$ cat protein.csv   # CSV, C-alpha atoms
chain,number,residue,atom,x,y,z
I,1,MET,CA,-114.9,-8.8,-182.7
I,2,VAL,CA,-116.9,-10.2,-179.8
I,3,ASN,CA,-120.5,-8.9,-179.9
I,4,PHE,CA,-122.4,-9.0,-176.7
I,5,ASN,CA,-125.5,-7.8,-174.9
I,6,LYS,CA,-125.3,-6.3,-171.5
I,7,PHE,CA,-128.1,-6.4,-168.9
I,8,GLU,CA,-128.3,-5.5,-165.2
I,9,LEU,CA,-130.7,-6.9,-162.6
I,10,GLN,CA,-132.2,-4.6,-159.9
I,11,ASN,CA,-130.0,-6.4,-157.4
I,12,GLY,CA,-126.9,-5.2,-159.2
I,13,LEU,CA,-125.9,-8.5,-161.0
I,14,ARG,CA,-124.4,-7.7,-164.4
I,15,LEU,CA,-125.1,-10.1,-167.2
I,16,LEU,CA,-123.1,-10.3,-170.5
I,17,VAL,CA,-124.3,-12.6,-173.3
I,18,HIS,CA,-122.4,-13.4,-176.4
I,19,GLN,CA,-124.4,-15.3,-179.0
I,20,ASP,CA,-122.3,-17.7,-181.0
I,21,PRO,CA,-124.3,-19.9,-183.4
I,22,ALA,CA,-121.2,-21.9,-184.4
I,23,THR,CA,-121.1,-24.0,-181.2
I,24,PRO,CA,-123.4,-26.5,-179.6
I,25,LEU,CA,-122.1,-25.6,-176.2
I,26,VAL,CA,-122.7,-22.8,-173.8
I,27,SER,CA,-120.2,-21.5,-171.3
I,28,VAL,CA,-121.4,-19.9,-168.1
I,29,CYS,CA,-119.0,-17.9,-166.1
I,30,MET,CA,-119.5,-16.2,-162.7
I,31,THR,CA,-116.8,-13.7,-161.8
I,32,TYR,CA,-116.8,-12.4,-158.2
I,33,ASN,CA,-114.9,-9.3,-157.3
I,34,VAL,CA,-113.0,-10.8,-154.5
I,35,GLY,CA,-109.5,-12.1,-154.2
I,36,THR,CA,-106.5,-12.1,-151.9
I,37,LYS,CA,-106.4,-8.3,-151.9
I,38,ASP,CA,-109.8,-8.3,-149.9
I,39,GLU,CA,-108.7,-10.5,-147.1
I,40,GLU,CA,-108.1,-9.4,-143.5
I,41,GLU,CA,-104.7,-9.6,-141.9
I,42,GLY,CA,-104.3,-12.9,-140.1
I,43,LYS,CA,-107.1,-14.4,-142.2
I,44,THR,CA,-105.4,-14.9,-145.6
I,45,GLY,CA,-106.2,-17.6,-148.1
I,46,PHE,CA,-110.0,-17.2,-147.6
I,47,ALA,CA,-110.7,-16.4,-151.3
I,48,HIS,CA,-108.9,-19.5,-152.3
I,49,LEU,CA,-110.7,-21.5,-149.6
I,50,PHE,CA,-114.0,-20.4,-151.1
I,51,GLU,CA,-112.9,-21.7,-154.5
I,52,HIS,CA,-113.2,-25.1,-152.8
I,53,LEU,CA,-116.2,-24.4,-150.5
I,54,MET,CA,-118.4,-23.3,-153.4
I,55,PHE,CA,-118.4,-26.9,-154.6
I,56,GLY,CA,-119.6,-28.2,-151.3
I,57,GLY,CA,-123.3,-28.1,-152.3
I,58,SER,CA,-126.2,-25.8,-151.6
I,59,ARG,CA,-129.6,-26.2,-150.1
I,60,ASN,CA,-131.3,-27.5,-153.3
I,61,ALA,CA,-128.2,-29.0,-154.9
I,62,PRO,CA,-126.3,-31.0,-152.3
I,63,ASN,CA,-123.8,-32.3,-154.9
I,64,PHE,CA,-122.8,-29.6,-157.4
I,65,ASP,CA,-120.7,-31.8,-159.7
I,66,ASN,CA,-123.4,-34.4,-160.1
I,67,TYR,CA,-125.9,-32.0,-161.5
I,68,ILE,CA,-123.3,-30.6,-163.9
I,69,GLN,CA,-122.3,-34.1,-165.1
I,70,GLN,CA,-125.9,-35.2,-165.5
I,71,ALA,CA,-126.3,-32.1,-167.8
I,72,GLY,CA,-123.4,-33.3,-169.9
I,73,GLY,CA,-121.1,-30.6,-168.7
I,74,GLU,CA,-117.8,-29.8,-166.9
I,75,ASN,CA,-116.9,-27.1,-164.4
I,76,ASN,CA,-114.0,-25.6,-162.6
I,77,ALA,CA,-112.8,-22.4,-160.9
I,78,PHE,CA,-109.7,-20.3,-160.3
I,79,THR,CA,-108.7,-17.6,-157.9
I,80,ASN,CA,-106.1,-14.8,-158.0
I,81,GLN,CA,-105.3,-11.7,-156.0
I,82,ASP,CA,-108.1,-9.7,-157.6
I,83,MET,CA,-111.0,-12.1,-158.4
I,84,THR,CA,-112.5,-15.5,-158.1
I,85,VAL,CA,-114.0,-17.2,-161.2
I,86,PHE,CA,-116.4,-20.2,-161.5
I,87,TYR,CA,-117.4,-21.6,-164.8
I,88,GLU,CA,-119.4,-24.4,-166.5
I,89,TYR,CA,-119.8,-25.5,-170.1
I,90,MET,CA,-122.4,-27.9,-171.4
I,91,PRO,CA,-124.9,-28.4,-174.2
I,92,CYS,CA,-126.8,-25.1,-174.9
I,93,GLU,CA,-130.2,-26.7,-174.1
I,94,ASN,CA,-129.0,-27.3,-170.5
I,95,ILE,CA,-128.0,-23.7,-169.7
I,96,GLU,CA,-130.7,-23.4,-167.0
I,97,VAL,CA,-129.0,-26.1,-165.0
I,98,ALA,CA,-125.9,-23.9,-164.7
I,99,LEU,CA,-127.8,-20.8,-163.9
I,100,TRP,CA,-129.9,-22.6,-161.2
I,101,LEU,CA,-126.8,-24.0,-159.6
I,102,GLU,CA,-124.9,-20.7,-159.6
I,103,ALA,CA,-127.9,-18.9,-158.1
I,104,ASP,CA,-128.5,-21.6,-155.4
I,105,ARG,CA,-125.0,-21.5,-154.1
I,106,MET,CA,-124.9,-17.7,-154.2
I,107,LEU,CA,-128.1,-17.6,-152.1
I,108,GLN,CA,-127.7,-20.6,-149.8
I,109,LEU,CA,-124.4,-22.3,-149.8
I,110,ASN,CA,-123.9,-25.2,-147.4
I,111,LEU,CA,-121.5,-23.6,-144.9
I,112,ASN,CA,-121.2,-25.9,-142.0
I,113,GLU,CA,-118.5,-27.4,-139.8
I,114,ASN,CA,-118.3,-30.6,-141.8
I,115,ASN,CA,-117.8,-28.9,-145.2
I,116,LEU,CA,-115.4,-26.4,-143.7
I,117,ASP,CA,-113.3,-29.1,-142.0
I,118,LYS,CA,-113.1,-31.1,-145.2
I,119,GLU,CA,-112.1,-28.2,-147.5
I,120,ARG,CA,-109.8,-26.8,-144.8
I,121,LYS,CA,-107.7,-30.0,-144.9
I,122,VAL,CA,-107.7,-30.0,-148.8
I,123,VAL,CA,-106.4,-26.4,-148.9
I,124,VAL,CA,-103.8,-27.0,-146.2
I,125,GLU,CA,-102.5,-30.1,-148.0
I,126,GLU,CA,-102.4,-28.1,-151.3
I,127,PHE,CA,-100.4,-25.4,-149.5
I,128,LYS,CA,-97.9,-28.0,-148.3
I,129,GLU,CA,-97.6,-29.7,-151.7
I,130,SER,CA,-97.4,-26.7,-153.9
I,131,CYS,CA,-95.5,-24.3,-151.6
I,132,LEU,CA,-93.6,-26.1,-149.0
I,133,ASN,CA,-92.6,-29.4,-150.8
I,134,GLU,CA,-92.3,-28.1,-154.4
I,135,PRO,CA,-89.0,-26.8,-155.6
I,136,TYR,CA,-89.2,-23.0,-155.8
I,137,GLY,CA,-92.8,-23.4,-154.6
I,138,ASP,CA,-92.5,-20.7,-152.0
I,139,ILE,CA,-91.2,-18.1,-154.5
I,140,TRP,CA,-94.4,-15.9,-154.2
I,141,HIS,CA,-94.0,-15.9,-150.5
I,142,LEU,CA,-90.6,-14.3,-151.1
I,143,ILE,CA,-91.4,-12.0,-154.0
I,144,GLY,CA,-94.6,-10.6,-152.5
I,145,PRO,CA,-93.3,-9.2,-149.2
I,146,LEU,CA,-90.1,-8.1,-150.9
I,147,ALA,CA,-91.8,-6.1,-153.7
I,148,TYR,CA,-94.8,-4.8,-151.7
I,149,LYS,CA,-94.6,-3.2,-148.3
I,150,LYS,CA,-98.1,-1.8,-148.0
I,151,HIS,CA,-100.4,-3.3,-150.7
I,152,PRO,CA,-102.1,-6.6,-150.0
I,153,TYR,CA,-100.6,-8.1,-153.2
I,154,ARG,CA,-97.7,-9.0,-150.8
I,155,VAL,CA,-99.8,-12.0,-149.8
I,156,PRO,CA,-99.9,-15.0,-152.3
I,157,THR,CA,-103.3,-16.3,-153.4
I,158,ILE,CA,-102.9,-19.5,-151.4
I,159,GLY,CA,-102.4,-17.5,-148.2
I,160,GLU,CA,-99.6,-16.3,-146.1
I,161,VAL,CA,-99.3,-19.3,-143.8
I,162,PRO,CA,-101.3,-22.6,-143.6
I,163,GLU,CA,-102.3,-21.7,-140.0
I,164,HIS,CA,-104.6,-19.0,-141.3
I,165,ILE,CA,-106.8,-21.7,-142.9
I,166,GLU,CA,-106.2,-24.3,-140.2
I,167,ASN,CA,-107.6,-21.7,-137.6
I,168,ALA,CA,-110.4,-20.4,-139.8
I,169,LYS,CA,-113.6,-20.3,-137.8
I,170,LEU,CA,-117.0,-21.0,-139.3
I,171,GLU,CA,-118.3,-17.5,-138.3
I,172,ASP,CA,-115.4,-15.9,-140.0
I,173,VAL,CA,-116.0,-17.9,-143.1
I,174,LYS,CA,-119.7,-17.1,-143.2
I,175,SER,CA,-118.9,-13.4,-142.7
I,176,PHE,CA,-116.5,-13.5,-145.7
I,177,PHE,CA,-119.1,-15.2,-147.8
I,178,ASN,CA,-122.0,-12.9,-146.9
I,179,ARG,CA,-119.9,-9.9,-147.7
I,180,PHE,CA,-118.5,-10.8,-151.1
I,181,TYR,CA,-120.6,-13.5,-152.7
I,182,CYS,CA,-123.6,-11.5,-153.6
I,183,PRO,CA,-125.2,-10.3,-156.9
I,184,ASP,CA,-123.9,-6.7,-156.8
I,185,ASN,CA,-120.3,-8.0,-156.4
I,186,ALA,CA,-120.5,-10.4,-159.4
I,187,VAL,CA,-120.6,-10.5,-163.2
I,188,LEU,CA,-122.4,-13.4,-165.0
I,189,SER,CA,-121.1,-13.9,-168.5
I,190,VAL,CA,-122.5,-16.4,-171.0
I,191,SER,CA,-121.2,-17.4,-174.4
I,192,GLY,CA,-122.8,-19.9,-176.8
I,193,ASN,CA,-125.7,-20.6,-179.2
I,194,VAL,CA,-128.2,-18.8,-177.0
I,195,ASN,CA,-130.7,-16.0,-177.3
I,196,PRO,CA,-129.7,-13.0,-175.2
I,197,SER,CA,-133.2,-12.1,-174.2
I,198,GLU,CA,-134.0,-15.6,-173.1
I,199,VAL,CA,-130.8,-15.8,-171.1
I,200,PHE,CA,-131.8,-12.6,-169.4
I,201,SER,CA,-135.2,-14.0,-168.6
I,202,LEU,CA,-133.7,-17.1,-167.1
I,203,THR,CA,-131.2,-15.0,-165.1
I,204,GLN,CA,-134.0,-12.9,-163.8
I,205,LYS,CA,-135.9,-16.1,-162.8
I,206,TRP,CA,-133.0,-17.6,-160.8
I,207,PHE,CA,-131.1,-14.5,-159.5
I,208,GLY,CA,-133.8,-11.8,-159.4
I,209,ASP,CA,-135.0,-12.5,-155.9
I,210,ILE,CA,-131.5,-12.6,-154.3
I,211,ASP,CA,-130.9,-9.5,-152.2
I,212,LYS,CA,-128.1,-7.1,-152.7
I,213,GLY,CA,-125.0,-7.5,-150.5
I,214,ASN,CA,-123.2,-5.1,-148.3
I,215,VAL,CA,-119.7,-5.1,-149.7
I,216,GLY,CA,-119.0,-1.5,-149.1
I,217,LYS,CA,-116.2,0.5,-150.7
I,218,ILE,CA,-112.8,-1.1,-150.2
I,219,VAL,CA,-109.9,1.4,-150.3
I,220,LEU,CA,-106.6,-0.5,-150.7
I,221,PRO,CA,-103.4,1.1,-149.5
I,222,GLN,CA,-101.3,2.4,-152.3
I,223,GLU,CA,-97.7,1.0,-152.6
I,224,PRO,CA,-95.1,3.8,-152.0
I,225,LEU,CA,-92.5,4.4,-154.7
I,226,GLN,CA,-89.6,2.1,-154.3
I,227,THR,CA,-86.3,4.0,-154.1
I,228,GLN,CA,-83.8,1.4,-152.9
I,229,LYS,CA,-82.9,-2.0,-154.3
I,230,ARG,CA,-84.2,-4.8,-152.2
I,231,GLU,CA,-82.6,-8.3,-151.9
I,232,VAL,CA,-83.3,-11.6,-150.2
I,233,SER,CA,-81.3,-14.8,-150.3
I,234,VAL,CA,-82.6,-18.2,-149.5
I,235,GLU,CA,-81.2,-21.7,-149.6
I,236,ALA,CA,-83.4,-24.8,-150.3
I,237,ASN,CA,-83.5,-28.3,-151.8
I,238,VAL,CA,-83.8,-27.1,-155.4
I,239,PRO,CA,-82.0,-28.5,-158.4
I,240,LEU,CA,-80.4,-25.3,-159.6
I,241,ASN,CA,-79.5,-21.9,-158.4
I,242,ALA,CA,-82.0,-19.3,-159.5
I,243,ILE,CA,-82.5,-15.6,-159.7
I,244,TYR,CA,-85.7,-13.6,-159.8
I,245,MET,CA,-85.5,-9.9,-160.7
I,246,VAL,CA,-88.7,-8.0,-160.0
I,247,PHE,CA,-89.9,-4.6,-161.1
I,248,HIS,CA,-93.1,-2.7,-160.5
I,249,SER,CA,-95.4,-2.6,-163.5
I,250,ALA,CA,-98.5,-0.7,-164.5
I,251,GLU,CA,-102.1,-1.4,-163.3
I,252,ARG,CA,-104.1,-3.4,-165.8
I,253,LYS,CA,-106.2,-0.5,-167.1
I,254,SER,CA,-103.2,1.7,-167.9
I,255,ASN,CA,-101.8,2.1,-171.4
I,256,ASN,CA,-98.4,1.3,-169.8
I,257,TYR,CA,-99.7,-2.2,-169.1
I,258,TYR,CA,-99.6,-2.9,-172.8
I,259,TYR,CA,-96.0,-1.7,-173.1
I,260,ASP,CA,-95.0,-3.8,-170.1
I,261,ASP,CA,-96.6,-6.9,-171.6
I,262,PHE,CA,-95.0,-6.2,-174.9
I,263,ILE,CA,-91.6,-5.8,-173.3
I,264,THR,CA,-91.8,-9.2,-171.6
I,265,ASP,CA,-92.5,-10.8,-175.0
I,266,VAL,CA,-89.5,-9.1,-176.5
I,267,LEU,CA,-87.4,-10.4,-173.6
I,268,ALA,CA,-88.5,-14.0,-173.4
I,269,GLU,CA,-91.3,-15.1,-175.7
I,270,GLY,CA,-89.9,-18.1,-177.5
I,271,GLU,CA,-86.5,-19.3,-178.5
I,272,ALA,CA,-85.9,-16.3,-180.8
I,273,SER,CA,-86.3,-13.9,-177.9
I,274,GLN,CA,-83.5,-11.7,-176.6
I,275,LEU,CA,-82.8,-13.4,-173.3
I,276,TYR,CA,-82.9,-16.9,-174.7
I,277,GLN,CA,-80.7,-16.1,-177.6
I,278,ASN,CA,-78.1,-14.1,-175.7
I,279,LEU,CA,-78.1,-15.7,-172.2
I,280,VAL,CA,-79.0,-19.3,-172.9
I,281,LYS,CA,-77.9,-20.1,-176.4
I,282,LYS,CA,-74.9,-17.9,-177.0
I,283,GLN,CA,-73.3,-17.3,-173.5
I,284,GLU,CA,-74.8,-20.4,-171.8
I,285,LEU,CA,-75.1,-18.5,-168.5
I,286,PHE,CA,-78.6,-19.9,-167.9
I,287,SER,CA,-80.3,-23.2,-168.6
I,288,PHE,CA,-83.7,-21.5,-168.5
I,289,VAL,CA,-84.8,-17.9,-168.6
I,290,ASP,CA,-88.3,-16.2,-168.7
I,291,ALA,CA,-90.0,-12.9,-168.3
I,292,TYR,CA,-93.6,-12.3,-167.5
I,293,ILE,CA,-96.1,-9.9,-166.0
I,294,THR,CA,-98.7,-10.4,-163.3
I,295,ALA,CA,-101.4,-8.3,-165.0
I,296,SER,CA,-102.8,-7.2,-161.7
I,297,LEU,CA,-105.7,-4.8,-161.5
I,298,ASP,CA,-103.6,-2.5,-159.3
I,299,LYS,CA,-99.9,-1.9,-160.0
I,300,GLY,CA,-98.4,-5.3,-160.6
I,301,LEU,CA,-95.0,-6.8,-161.3
I,302,ILE,CA,-92.7,-7.8,-164.1
I,303,ILE,CA,-90.6,-10.8,-163.2
I,304,ILE,CA,-87.4,-11.9,-164.9
I,305,GLU,CA,-86.4,-15.3,-163.7
I,306,GLY,CA,-83.5,-17.6,-164.7
I,307,LYS,CA,-82.0,-20.9,-163.6
I,308,LEU,CA,-78.2,-20.5,-163.6
I,309,SER,CA,-75.9,-22.8,-165.4
I,310,GLU,CA,-73.4,-24.7,-163.4
I,311,ASN,CA,-70.5,-22.6,-161.9
I,312,VAL,CA,-72.1,-19.3,-163.0
I,313,SER,CA,-72.1,-16.8,-160.1
I,314,TYR,CA,-75.1,-14.6,-159.2
I,315,GLU,CA,-73.0,-11.6,-159.9
I,316,THR,CA,-72.3,-12.7,-163.4
I,317,ALA,CA,-75.9,-13.7,-164.0
I,318,GLU,CA,-77.4,-10.5,-162.7
I,319,LYS,CA,-74.9,-8.4,-164.7
I,320,ALA,CA,-75.8,-10.2,-167.8
I,321,ILE,CA,-79.5,-9.6,-167.4
I,322,TRP,CA,-78.9,-5.9,-166.7
I,323,LYS,CA,-76.8,-5.7,-169.9
I,324,GLU,CA,-79.8,-6.9,-171.9
I,325,LEU,CA,-82.1,-4.4,-170.1
I,326,HIS,CA,-79.7,-1.6,-170.7
I,327,PHE,CA,-79.7,-2.5,-174.4
I,328,LEU,CA,-83.4,-2.0,-174.6
I,329,LYS,CA,-83.1,1.3,-172.8
I,330,ASN,CA,-80.4,2.6,-175.2
I,331,ASN,CA,-81.6,1.1,-178.5
I,332,LEU,CA,-84.8,1.2,-180.6
I,333,LEU,CA,-86.4,-2.0,-181.7
I,334,SER,CA,-86.5,-2.3,-185.5
I,335,ALA,CA,-89.9,-1.7,-187.2
I,336,THR,CA,-89.7,-5.3,-188.3
I,337,ASP,CA,-89.4,-6.6,-184.7
I,338,VAL,CA,-92.2,-4.4,-183.5
I,339,GLU,CA,-94.5,-5.6,-186.2
I,340,LYS,CA,-93.4,-9.2,-185.6
I,341,PHE,CA,-94.4,-9.0,-181.9
I,342,GLN,CA,-97.6,-7.2,-182.7
I,343,ASN,CA,-98.6,-9.9,-185.1
I,344,ARG,CA,-97.8,-12.6,-182.6
I,345,ILE,CA,-99.9,-10.9,-179.9
I,346,GLU,CA,-102.8,-10.4,-182.4
I,347,HIS,CA,-102.6,-14.1,-183.3
I,348,ASN,CA,-102.8,-15.1,-179.6
I,349,ILE,CA,-105.8,-12.9,-179.0
I,350,GLU,CA,-107.6,-14.2,-182.0
I,351,PHE,CA,-106.8,-17.8,-181.0
I,352,SER,CA,-108.2,-17.1,-177.6
I,353,GLU,CA,-111.4,-15.7,-179.1
I,354,MET,CA,-112.0,-19.0,-180.9
I,355,ASN,CA,-112.6,-20.7,-177.6
I,356,ASN,CA,-116.1,-20.3,-176.3
I,357,LEU,CA,-115.2,-20.6,-172.7
I,358,HIS,CA,-112.3,-18.0,-173.0
I,359,LYS,CA,-114.8,-15.5,-174.4
I,360,ALA,CA,-117.1,-15.9,-171.4
I,361,ILE,CA,-114.2,-15.6,-169.0
I,362,ASN,CA,-112.8,-12.6,-170.7
I,363,LEU,CA,-116.1,-10.8,-170.9
I,364,GLY,CA,-116.5,-11.2,-167.1
I,365,TYR,CA,-112.9,-10.1,-166.6
I,366,TYR,CA,-113.1,-6.9,-168.7
I,367,GLU,CA,-116.4,-6.0,-167.1
I,368,LEU,CA,-114.8,-6.3,-163.7
I,369,LEU,CA,-112.1,-4.0,-165.0
I,370,GLY,CA,-114.8,-1.5,-165.8
I,371,ASP,CA,-115.7,-2.0,-169.5
I,372,ALA,CA,-116.5,-5.4,-171.1
I,373,ASN,CA,-115.9,-3.8,-174.5
I,374,MET,CA,-112.2,-3.7,-173.7
I,375,ILE,CA,-112.3,-7.3,-175.1
I,376,ASN,CA,-112.6,-5.7,-178.6
I,377,LEU,CA,-109.9,-3.0,-178.1
I,378,GLU,CA,-106.9,-5.1,-177.1
I,379,LYS,CA,-105.5,-5.6,-180.6
I,380,GLU,CA,-105.8,-1.9,-181.3
I,381,LYS,CA,-103.9,-1.1,-178.1
I,382,TYR,CA,-101.0,-3.4,-179.1
I,383,HIS,CA,-100.9,-2.2,-182.7
I,384,ALA,CA,-100.5,1.4,-181.5
I,385,ILE,CA,-97.2,0.6,-179.8
I,386,THR,CA,-94.1,2.1,-181.3
I,387,ALA,CA,-90.4,1.4,-180.8
I,388,GLU,CA,-90.1,4.8,-179.1
I,389,ASP,CA,-92.8,3.8,-176.6
I,390,ILE,CA,-90.9,0.6,-175.7
I,391,GLN,CA,-87.6,2.4,-175.2
I,392,LYS,CA,-89.1,5.1,-173.1
I,393,ARG,CA,-91.0,2.6,-170.9
I,394,CYS,CA,-87.8,0.5,-170.5
I,395,CYS,CA,-86.1,3.6,-169.2
I,396,GLU,CA,-88.9,4.1,-166.6
I,397,LEU,CA,-89.0,0.4,-165.5
I,398,PHE,CA,-85.5,-0.9,-165.4
I,399,ILE,CA,-83.8,1.2,-162.6
I,400,GLU,CA,-81.6,-0.6,-160.1
I,401,GLN,CA,-83.1,1.3,-157.2
I,402,SER,CA,-86.5,0.0,-158.2
I,403,ALA,CA,-85.5,-3.6,-158.4
I,404,SER,CA,-86.2,-6.4,-155.9
I,405,VAL,CA,-84.1,-9.5,-156.3
I,406,VAL,CA,-84.4,-13.0,-154.9
I,407,TYR,CA,-81.3,-15.2,-154.9
I,408,TYR,CA,-82.5,-18.8,-154.7
I,409,LYS,CA,-79.6,-21.0,-153.8
I,410,ALA,CA,-79.5,-24.8,-154.1
I,411,LYS,CA,-78.2,-26.6,-151.0
I,412,GLU,CA,-75.0,-28.4,-151.6
I,413,THR,CA,-75.4,-32.1,-151.4
I,414,GLU,CA,-73.1,-34.1,-149.2
I,415,SER,CA,-70.6,-36.3,-151.1

$ encode --input "protein.csv" --output "structure tokens"
Amino acid sequence: MVNFNKFELQNGLRLLVHQDPATPLVSVCMTYNVGTKDEEEGKTGFAHLFEHLMFGGSRNAPNFDNYIQQAGGENNAFTNQDMTVFYEYMPCENIEVALWLEADRMLQLNLNENNLDKERKVVVEEFKESCLNEPYGDIWHLIGPLAYKKHPYRVPTIGEVPEHIENAKLEDVKSFFNRFYCPDNAVLSVSGNVNPSEVFSLTQKWFGDIDKGNVGKIVLPQEPLQTQKREVSVEANVPLNAIYMVFHSAERKSNNYYYDDFITDVLAEGEASQLYQNLVKKQELFSFVDAYITASLDKGLIIIEGKLSENVSYETAEKAIWKELHFLKNNLLSATDVEKFQNRIEHNIEFSEMNNLHKAINLGYYELLGDANMINLEKEKYHAITAEDIQKRCCELFIEQSASVVYYKAKETES
């Protein structure tokens, strides 16, 4: 159980505070409701660009990292298609440093040509290294447009093409910042040995005078139901042939999300999982196999990926995966197996809650979903799952007309 206090400033900033006397550290997390889904066509990668720009200093703190290190802390950030998260952890007595820094860059970030040019180069280089020069690195540039035809989830977090960042104008960047990086589009979550009312007072001190933004209501296009199988084949300098089978999954707030997440554990969580045992160990069709879920706020994806063993055809590999999926559609899991996976999931949740930083991040995440108390309901959701739920959901999910498949072929080397 993660107990917390919730406050809201007049400018719309939501504050969540979890008091944990067992730690000498405090974790401060700022979650902005902005991700790839909010970007304009032709200006993709901006949310990820701001993950970098936000460390470029602000009016009163020209070097963000220096102040964090002087306070004995560490900091980092991450971006996805739904949100951007910045966090710091440091000794509890220095919490005001983190709050001051977060407020200063929200109010008066140093956005100028020099900082933009510097971070633009960093992001473009990251694009080249992680997507263009990394084996299978462009897979989300293949999966996204294949699985999504309308929804902006079709664009990867790093952006559609590097030119969108290379050509980013300062006025466009400032406009993006002014729209999304404001108190009423953010959640501040704090976890540590702190007094909630004192944290609220400090938050009011540093954030209270920042004006509300003008985000406006964003209505995302809904993805139409997929009724035909989609395929794409690519050839690249990769070590092994690979297959990616993609199915549409439930939005994060839906009960079906928990079924989908459970199903991917059944398929590929550990060496005792169904796909590993049958396709890797017994039949030796794959050298590696995995299944996972994107856990997107809107309807996301389930991905089943495998690296094919030598001389195994795509037809054989795909048929073998479908055989395993049909088994789940036609057979109930045993009560023992359901309980085993439920216990494993509960252990993972409890282990996560032992980490002070994870608690702060999760509180902000669930508040962005609509209710921070969801952090305390997760175990209950998974324990309510039955074998019948899983079988029914597999029948809904694993339909050939609803599948999108990427065939990733390794180029033949010249002898």

$ closest_residue --input "protein.csv" --among "I:Lys149, I:Lys340, I:Arg179, I:Lys205" --to "Gln226 of chain I" --atoms "only C-alpha atoms"
I:Lys149

$ atom_distance --input "protein.csv" --atom1 "atom CA of Phe78 of chain I" --atom2 "atom CA of Pro21 of chain I"
27.3 Å

$ residues_around --input "protein.csv" --residues "Ala147 of chain I" --least-positions-apart "6" --cutoff "9 Å" --atoms "all atoms listed in the file" --output "list in words"
Arg154, Gln226, Arg230, Val246, Phe247, His248, Leu301, Ala403, Ser404 and Val405 of chain I

$ closest_atom_pairs --input "protein.csv" --of "segment 56-89 of chain I" --to "segment 105-114 of chain I" --cutoff "7 Å" --atoms "all atoms listed in the file" --output "JSON lines"
{"residue": "I:Gly56", "atom": "CA", "partner": "I:Asn110", "partner_atom": "CA", "distance": 6.5}
{"residue": "I:Gly57", "atom": "CA", "partner": "I:Asn110", "partner_atom": "CA", "distance": 5.7}
{"residue": "I:Ser58", "atom": "CA", "partner": "I:Leu109", "partner_atom": "CA", "distance": 4.3}
{"residue": "I:Arg59", "atom": "CA", "partner": "I:Gln108", "partner_atom": "CA", "distance": 5.9}

$ residues_around --input "protein.csv" --residues "Thr84 of chain I" --least-positions-apart "2" --cutoff "10 Å" --atoms "only C-alpha atoms" --output "compact mmCIF listing (two decimals) with C-alpha atoms, keeping the file's coordinate frame"
# COMPACT_ATOMS: atom_id res chain seq x y z
CA MET I 30 -119.50 -16.20 -162.70
CA THR I 31 -116.80 -13.70 -161.80
CA TYR I 32 -116.80 -12.40 -158.20
CA ASN I 33 -114.90 -9.30 -157.30
CA VAL I 34 -113.00 -10.80 -154.50
CA GLY I 35 -109.50 -12.10 -154.20
CA THR I 36 -106.50 -12.10 -151.90
CA ALA I 47 -110.70 -16.40 -151.30
CA HIS I 48 -108.90 -19.50 -152.30
CA PHE I 50 -114.00 -20.40 -151.10
CA GLU I 51 -112.90 -21.70 -154.50
CA ALA I 77 -112.80 -22.40 -160.90
CA PHE I 78 -109.70 -20.30 -160.30
CA THR I 79 -108.70 -17.60 -157.90
CA ASN I 80 -106.10 -14.80 -158.00
CA GLN I 81 -105.30 -11.70 -156.00
CA ASP I 82 -108.10 -9.70 -157.60
CA PHE I 86 -116.40 -20.20 -161.50
CA TYR I 181 -120.60 -13.50 -152.70
CA ALA I 186 -120.50 -10.40 -159.40

$ atom_distance --input "protein.csv" --atom1 "atom CA of Leu332 of chain I" --atom2 "atom CA of Leu267 of chain I"
13.8 Å

$ decode --input "protein.csv" --residues "segment 345-353 of chain I" --atoms "N, CA and C atoms" --output "PDB file, in the first residue's frame"
ATOM      1  N   ILE I 345       3.628 -11.663 -10.830  1.00  0.00           N
ATOM      2  CA  ILE I 345       3.299 -10.264 -11.072  1.00  0.00           C
ATOM      3  C   ILE I 345       3.228  -9.490  -9.764  1.00  0.00           C
ATOM      4  N   GLU I 346       2.605 -10.086  -8.750  1.00  0.00           N
ATOM      5  CA  GLU I 346       2.523  -9.425  -7.443  1.00  0.00           C
ATOM      6  C   GLU I 346       3.916  -9.175  -6.874  1.00  0.00           C
ATOM      7  N   HIS I 347       4.801 -10.137  -7.018  1.00  0.00           N
ATOM      8  CA  HIS I 347       6.178  -9.969  -6.545  1.00  0.00           C
ATOM      9  C   HIS I 347       6.853  -8.800  -7.260  1.00  0.00           C
ATOM     10  N   ASN I 348       6.662  -8.710  -8.584  1.00  0.00           N
ATOM     11  CA  ASN I 348       7.278  -7.614  -9.336  1.00  0.00           C
ATOM     12  C   ASN I 348       6.744  -6.260  -8.900  1.00  0.00           C
ATOM     13  N   ILE I 349       5.430  -6.187  -8.636  1.00  0.00           N
ATOM     14  CA  ILE I 349       4.841  -4.930  -8.181  1.00  0.00           C
ATOM     15  C   ILE I 349       5.390  -4.545  -6.817  1.00  0.00           C
ATOM     16  N   GLU I 350       5.447  -5.515  -5.905  1.00  0.00           N
ATOM     17  CA  GLU I 350       5.950  -5.227  -4.558  1.00  0.00           C
ATOM     18  C   GLU I 350       7.427  -4.849  -4.582  1.00  0.00           C
ATOM     19  N   PHE I 351       8.190  -5.492  -5.451  1.00  0.00           N
ATOM     20  CA  PHE I 351       9.609  -5.151  -5.573  1.00  0.00           C
ATOM     21  C   PHE I 351       9.768  -3.726  -6.079  1.00  0.00           C
ATOM     22  N   SER I 352       8.916  -3.345  -7.040  1.00  0.00           N
ATOM     23  CA  SER I 352       8.962  -1.983  -7.561  1.00  0.00           C
ATOM     24  C   SER I 352       8.632  -0.967  -6.472  1.00  0.00           C
ATOM     25  N   GLU I 353       7.700  -1.305  -5.600  1.00  0.00           N
ATOM     26  CA  GLU I 353       7.289  -0.376  -4.553  1.00  0.00           C
ATOM     27  C   GLU I 353       8.339  -0.221  -3.461  1.00  0.00           C
TER      28      GLU I 353
END
